[in-house]
Structures are given as C-alpha cells and as structure tokens.
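Reading through the structure tokens given below for one structure.
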Amino acid sequence: MSAQNTHVKKRNGALEALDITKIHKVLAWAAKDVPHVSVSDVAVASSIQFNNGVSTKDIHKVLIKTTADMISERTPNYQIMAARLLLQDIYKRVYGGVNPRSLQSALLFNIKNNKYRYGLVNKYTVEEIAELSNYVKYERDYSFTYAGLSQVLDKYLIRDKFTNELYETPQEAFMALAMSAFINYDVSHRIHWVKALYDAVSTFQVSLPTPIMLNLRTPKFAYSSCVTLSTGDTLSSWFTTTTSAGLFSSADAGIGWDFGSVRSIGSPVAGGRVEHTGKIPLLRLASAAVGACRQSSRGGSATTFTPFFDLEIETILSLRSVRLEEKKRIDGLDYAVVINQLLYDRALKNTTITLFSPSDIPEVMKYFYSADYNNFVKAYEDAEQDTSITNKFVRQARELLETSIITERKESGRIYILNIDEANTNSPFLVPIRQSNLCMEILLPTSPLNSLTDTLENSSADIGVCILANINMNVAIKDLPHLTELLVRLLDNLIDVQKFPVKAAEVSTQSRRSLGIGFNNYAYFNAKHKVRYGDAECLSLTHQWVENFQFSLIKASVKLAKEFGPCSHFHETTYSKGKLPIDRYNSNVDALCNTELTCDWESLREDVLKYGMRNSTLSAVPPSESSSVVTNATSGVEPIRNGVSYKTSKTQTMIQVAPNFTKLADKYDYMFDRPMCIDYLKCIAVMQKFICQSISANTFFNPKHYENDKVPMSELYKALYFAKKYGIKTLYYENTYTGSDDINEKVNGGCSGGGCEV
C-alpha cells in the first residue's frame, strides 16, 4: 500500500495526508484481547486502493466487510472484531467521534428532530433523567456479534432512509424504549421497571418484536405484531376486512385472515339471480391490499385460513404451485388449511370426503369451530346425506390429503396446518377459535367485521390482536419469575397506550388483553445441556423449563389483576372456571414425557379463582428470526442448520455463528444431519402442554436419508399424524434440504420472522 502523496477525505469533509498507521491502530484496537484473529490478515485481505481523495468512511466500510467475510466455523471470533469496527462507524455517524453523549442530549436532539416522542422529557423529572443517564451501560454495545449489530442497525435504529442519517446508538435506543414503555407508570416505582427492562433488553435476556423495537420511543403508537381478521359472507364484510388488513399492514402488523365463512364459487346470490364468484377474487383483493402497504422494515404479509371441506380448497392450496399457470397464481399470500380429526380418520380408512360451500352447511360450520367434535361429525354426515344440497363434491379423502395438502406443502414449503379441534380443546377461551395468524402461533377469537364501526360492544365483530416478546432460554429457571413479570407488565401496559387503526381491534384487545410471550435459543439450550432433540432427558428438561415459564406468566397476570383488575372478558376464559393448562392438554403427551410437575399449581388455581387474571392469554412461541440474530440466539425452537449461517434480509447478508459454537459444535443437533423431524415434534408436543396459544413449529426432511434420495409419502404422513395425535395445534413451514442453499436463511419472512419478528 503506497501512501505517498495520497490524501483522504475525513467525515467532516477535510483533506489530510493518508497515515497507514492509523488504519493499523484501528484494526489493532478492534482485535484487542480477541483470540484467533489476525490484524495483518485483515489488512492484507482489504487490499484497499488508496486513490487520492478516498474517504475515510469508505476505508472503514472496506475494513468492516473484509473482517466480516473472514467469519467462519474455524475462525468465529472475527465476528467480534467486525462488530467493534461496525460499532465505531455507528458512533462516528451519531457522535462524530467515539465518546457517547449524555442521555439527556440524545433525548432532546431526537425530540427536536421528531424522532422521539415529546413525553420522554416532559413526563420524566430532571432527577429521573439524570439517574437513568448514569445508568446507561454503553459498554454493553461491545456484547453484540457482527450479525447482531448489523441487524440492529439495519432494522431497529432510527435513521433517515433517504439521507441515511443515523439518530441513535443501541444503548440510547434501549433506554429510550424502556422509558417509553413505563412512561405512564406510578412515579414511585416506574424507574425500577425502566431499569429492569433496559437491563433485560441490553443484556439479551429478552427480545422484543419489530413493531415495539421500531416504534415504542417514537411518535408512532403501533406495537402489535399480529392481527387476525375474519371475513363474513357479505360484500360489506369483504371490503371492510380488506380495508382493515391494509391499515394494520401499514402499522407493521402481520395478518392472519379467515375466509372460512365466504361461500364458494357457483353458490346462489340475490335469490338465485347471480352465481357467486367464490373466494379467488377476494384472495386477489387481499393480496393486493397487503402488498400495497409497505411497512417500516418489510412488506405487508398475510396467511389465509380455509376449512379442509371447502368446495374451493384444492384450488386455493394450489395458488402458490409452480405447476399452476403463472397468471392464475396468487403468490402474495400464504395458505393454511384448517383440519380436524375427520380428515385424518377418513384418509386412514381410505374413504371419501365431501366438499361444500360454507353457506349450505351452517350447523357443520358451527361445530367445526368448537371443541364439540361429536356434534361436528353428526352435522357433517347429515350434510353428506342431505339431497337438497346440490353444490358439493365428493372425492377420496386420502387423495385430498396427499395431493392438495401434503404434496403442495412439500413443494412450496408454505401450506400451513391448523388442527382446529386441538386449538379449541386445549384453549384458554370458552369462545371458539377459527384461525391462527401469519406465523401460526397466535390463536385468538375472531368473528366477521361488517363495517369499520363494528365492535364487540355493538355487534359480534371480534379482531384478534397480539403483542409479542421472547425470553432467551439461556436464562435460569430462577430468573423466570422476574422476567415474566417484567414482560407481562410491559406488554399489558402497551395495550392501553397504543393506537388502533380499527375500533373493533381496540375494543377486543382491551377486553381480552391477550399477550404472546414466548422463548428462543432452544437449540443452544439443548446443546448446552448436552441433550439431543427428542431424547428422554431433553424432553424432561424442556418440560421443567416450560412449566415454570407458563406458571410464572400466570402468576404475574394474577398479580396485575390484583393491582389493576382482571380483563373484562375474563369470564370467557377457561381460567375463570379454574381450568389451567395442566387440566386441558392432550394427555397423549404423557406417553412421550412423564416428568413430574414442579410448580404449585393448586395454590395458583386458588389465586386465579380469587383474583382473576389481567390477561386472557399469555404465551405463544413465534419464529423470532430477526430478534434471534440481534441477541445471537438460535431461532425460536428450531435446530440449527449449520454452525455458521448466512442470513439474508432485504438489504444485506449477515454471517451468524451459533452461540458458543467453538465449545459446543459436536453437541448441537443439526436440522438435516439425521431424520429428526419426529424427535423435534416430540419437543413441540411437550411445550404445547403448557403454552396457552400455539408454537410456530416447522417440519423438515432431508431426501438423502431415504431410498433414491426421495422422502417417502409415508414419512410426510407420519409427521402430520404425529402432530395431531400429540396435541400440536399448528404447523408452519416445511423445509426440504436441497444441498444448494443449506446455509442460507431468510430473516424477513412472515411477521418476524421468518416469521413473526420477535
């Protein structure tokens, strides 16, 4: 590298002579006390051509990229060095140097620029701000991995996307977020909860979803990750629901959309003068509505829900198929099929199934969305024999399951499963569940919306809204009571301060106060404890951790009910009858894991009956792709694919190394290294015993483990039947190993990630 007569342009625009030693000093600083990295290797690999006038900013970018490109399973510590270089760049962009400003300066600057909400200074006293300013731990910025810090910068830190001006650093964002979260709390103890939330987020004990991370400290009051909508069988409901979906998409929420009530193509309308056009035109409208609404960090997304016996089910489930003529496809939506035991039984017996228009079978529809399976079967069989119903179609149950569901699920990876009888049997609600959400972990009551003024107060309109958060499974069981109470307080408080684009959502949410608190880093949890997915010790450890997790959540909600009162629709929950998760789960799970209960559930039952609960639901386990990158945790409950993953977002590719990989490489379970789908589903079944909503669970297969490199239909069947038998409510993606992209993972799908972005 020749620096003779070469000048560089500094960030302030000034020119100065190039000093190579400064570059080496920066690299040496980034490598200090980091084992197994080489400053000279980075310098040589950079190969910077120092043209006269090159900017120091561009030189720094090259150093960051070069260092990041050296991250591998053999040299994982370059992720630390690259993170330090990136952090230095962030500090220079925000501070103009490496020394942080005061918290008060950050608040005033960002309020002046309309980035933070004004209440952060006028609702906190000078003394409180001074105390919190002294509490900020800027050194925690050095705990990020390169992938984690890149994700924070790319998705969560506030910046002008046109000028690329950056307004905050990670610790400032975390403290401002915590201050916003408890801004309306009683002054006698709000600083306690602000500090607690700041500590939990900044030390990666918990992770928060994209809407909260993006919006909580800003003037935008949209914090919900998931919204579930139901369309009725009227034109007004069609267009009202579509408008609502668009409004919620623009507010950063993922959409779950129930189409089960819409009559099928060919059904009579207007006294038989018109034939109904069916669901396909509405699905095109739905795709356009969510696709048109660009969100803060992603495009809008929706998953639709249709019963297995709908007359149009085969057409709907083929709408993403590569075999379908392109102009007929609707790729902008994902599709879930709603199933109960009848389809599984008839497919096993190789008998027929009958498809209907929902408008012709009101009794069938009533019992389908309930825990009353026997009355459903009777109503369904009566409808099959009813000769007055002419708009129906009979086909082989096994062919429907194999061709339209299993094969389409395998080929597209995105035909999702909702076992509706499991959802309604093991439910915290006494009112029916009809659908799930975008990423298949939320199960809340919904009913059709016919106008934007409909609410639970003046009609039966019911919109499901859920606010999410995650706890890192790296935390000890003894820490769960504190962290669960912290998150219950946080999310419950946000219900009252957020703004809803549709009144029905506000009324439903404030009536039910549904929360979806989950967990991630399960693959690391297993590796750390040296257990494999599905083995007896793994299931026992999982049982113990998740039991304490759910127990602590309920206890926290009871505590809030004592302070603020129970939710107004507590009477519509099974909790109001004294029925806890340990009373309603699918008992087949006991054959997989017979671990003894460790919590005092009977004492808790007494408190629930005496005081009620603040929240109708508390737990749901999302995919958490995005937030898992930030905290360097493994995604949701999934096994890892590789020690190093290249995770792609809409703007970049990030190299993430599995937690503590150097020491635990041989202890991790790898998704495609063995036929482990059933072992994984055993873990999901044990978790579902306690989780009050659902778990975003996938299935996955490697053809190399089977004869002729082809996954047999019997294995695909087995996964679905196993899930149903052991009480698993929902299944999300189906992943098939291709060999060409085994280390690449997307982190911007769904609500987070890859689903719900928790």
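Residue numbers start at 1 in each chain; chains themselves are named A, B, ... in the order of the structure tokens; ligands are numbered from 1 in the order shown.
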
Inset, instruction - Just the residues within 7 Å of segment 553-563 of chain A, please, counting only C-alpha atoms, with nothing from its chain fewer than 2 positions along; format it as a VMD selection string. - result: chain A and resid 484 to 485 488 549 to 551 565 to 566 604 608 611 to 615 618

Legend entry - 8 Å contact set for Asn350 of chain A, only C-alpha atoms, chain neighbours under 4 positions out, as number ranges by chain: A: 346, 396-398

Written file, previous selection with all heavy atoms, as a compact mmCIF listing (two decimals), in the first residue's frame:
```txt
# COMPACT_ATOMS: atom_id res chain seq x y z
N ARG A 346 -60.62 -40.45 7.89
CA ARG A 346 -61.10 -40.94 6.59
C ARG A 346 -59.94 -41.22 5.63
O ARG A 346 -60.04 -42.13 4.80
CB ARG A 346 -62.08 -39.94 5.99
CG ARG A 346 -63.40 -39.88 6.77
CD ARG A 346 -64.50 -39.29 5.93
NE ARG A 346 -65.76 -39.23 6.65
CZ ARG A 346 -66.90 -38.82 6.13
NH1 ARG A 346 -66.93 -38.40 4.86
NH2 ARG A 346 -68.01 -38.79 6.85
N GLN A 396 -61.86 -38.69 -2.85
CA GLN A 396 -61.17 -39.57 -1.91
C GLN A 396 -60.43 -38.74 -0.87
O GLN A 396 -59.66 -37.84 -1.20
CB GLN A 396 -60.19 -40.47 -2.65
CG GLN A 396 -60.84 -41.53 -3.53
CD GLN A 396 -61.75 -42.46 -2.74
OE1 GLN A 396 -62.95 -42.52 -2.99
NE2 GLN A 396 -61.16 -43.17 -1.78
N ALA A 397 -60.65 -39.07 0.40
CA ALA A 397 -60.01 -38.32 1.48
C ALA A 397 -58.49 -38.43 1.40
O ALA A 397 -57.77 -37.43 1.61
CB ALA A 397 -60.50 -38.83 2.83
N ARG A 398 -57.99 -39.60 1.08
CA ARG A 398 -56.53 -39.79 1.02
C ARG A 398 -55.92 -38.97 -0.11
O ARG A 398 -54.85 -38.38 0.04
CB ARG A 398 -56.20 -41.27 0.85
CG ARG A 398 -54.70 -41.57 0.91
CD ARG A 398 -54.44 -43.05 0.94
NE ARG A 398 -54.96 -43.67 2.17
CZ ARG A 398 -54.91 -44.98 2.42
NH1 ARG A 398 -54.38 -45.81 1.52
NH2 ARG A 398 -55.40 -45.45 3.55
```

Inset, instruction - Name the residues in contact with Thr573 of chain A at a cut-off of 10 Å, using only C-alpha atoms, excluding same-chain residues fewer than 3 positions from it; report them as an NGL selection string. - result: :A and (427-431 or 512 or 569-570 or 576-579 or 613 or 615-617)

Inset, instruction - Determine which residues of segment 492-738 of chain A receive a DSSP assignment of strand (DSSP E), computed from the backbone, and state them as a PyMOL selection string. - result: chain A and resi 515-520+644-648+653-657+699-701+730-731+734-736

Inset, instruction - Can you pull out every residue within 7 Å of segment 117-129 of chain A, counting only C-alpha atoms, but drop anything in the same chain fewer than 6 positions away, and send it as JSON, numbers by chain? - result: {"A": [104, 111, 179, 180, 217, 218, 219]}

Mind writing the picked residues with N, CA, C and O atoms as an mmCIF file, in the first residue's frame?
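Now in out-v3.cif:
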```
data_model
loop_
_atom_site.group_PDB
_atom_site.id
_atom_site.type_symbol
_atom_site.label_atom_id
_atom_site.label_comp_id
_atom_site.auth_asym_id
_atom_site.auth_seq_id
_atom_site.Cartn_x
_atom_site.Cartn_y
_atom_site.Cartn_z
ATOM 1 N N GLN A 104 -29.613 12.779 28.191
ATOM 2 C CA GLN A 104 -30.459 13.954 28.033
ATOM 3 C C GLN A 104 -30.226 14.628 26.682
ATOM 4 O O GLN A 104 -31.169 15.049 26.014
ATOM 5 N N ILE A 111 -35.956 14.412 20.020
ATOM 6 C CA ILE A 111 -37.279 15.037 20.125
ATOM 7 C C ILE A 111 -37.358 16.240 19.183
ATOM 8 O O ILE A 111 -38.354 16.441 18.478
ATOM 9 N N MET A 179 -37.893 3.757 28.745
ATOM 10 C CA MET A 179 -38.568 4.931 29.314
ATOM 11 C C MET A 179 -39.975 5.083 28.740
ATOM 12 O O MET A 179 -40.925 5.393 29.461
ATOM 13 N N SER A 180 -40.107 4.866 27.434
ATOM 14 C CA SER A 180 -41.426 4.967 26.803
ATOM 15 C C SER A 180 -42.372 3.896 27.323
ATOM 16 O O SER A 180 -43.572 4.136 27.481
ATOM 17 N N ARG A 217 -40.364 4.269 21.194
ATOM 18 C CA ARG A 217 -39.846 5.567 21.655
ATOM 19 C C ARG A 217 -40.226 6.701 20.713
ATOM 20 O O ARG A 217 -39.868 7.865 20.943
ATOM 21 N N THR A 218 -40.920 6.389 19.630
ATOM 22 C CA THR A 218 -41.225 7.356 18.585
ATOM 23 C C THR A 218 -42.655 7.886 18.728
ATOM 24 O O THR A 218 -43.433 7.385 19.545
ATOM 25 N N PRO A 219 -43.025 8.860 17.912
ATOM 26 C CA PRO A 219 -44.416 9.336 17.936
ATOM 27 C C PRO A 219 -45.412 8.352 17.341
ATOM 28 O O PRO A 219 -46.612 8.619 17.344
#
```

Legend entry - Polymer residues at most 12 Å from Phe722 of chain A, only C-alpha atoms, same-chain spacing of 2 or more positions, as a list in words: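 Final neighbour list, sorted by chain and number: Tyr344, Asn419, Asn588, Val589, Leu592, Cys677, Ile678, Asp679, Tyr680, Leu681, Lys682, Cys683, Ile684, Ala685, Thr699, Ser714, Glu715, Leu716, Tyr717, Lys718, Ala719, Leu720, Lys724, Lys725, Tyr726, Gly727, Ile728, Lys729 and Leu731 of chain A.
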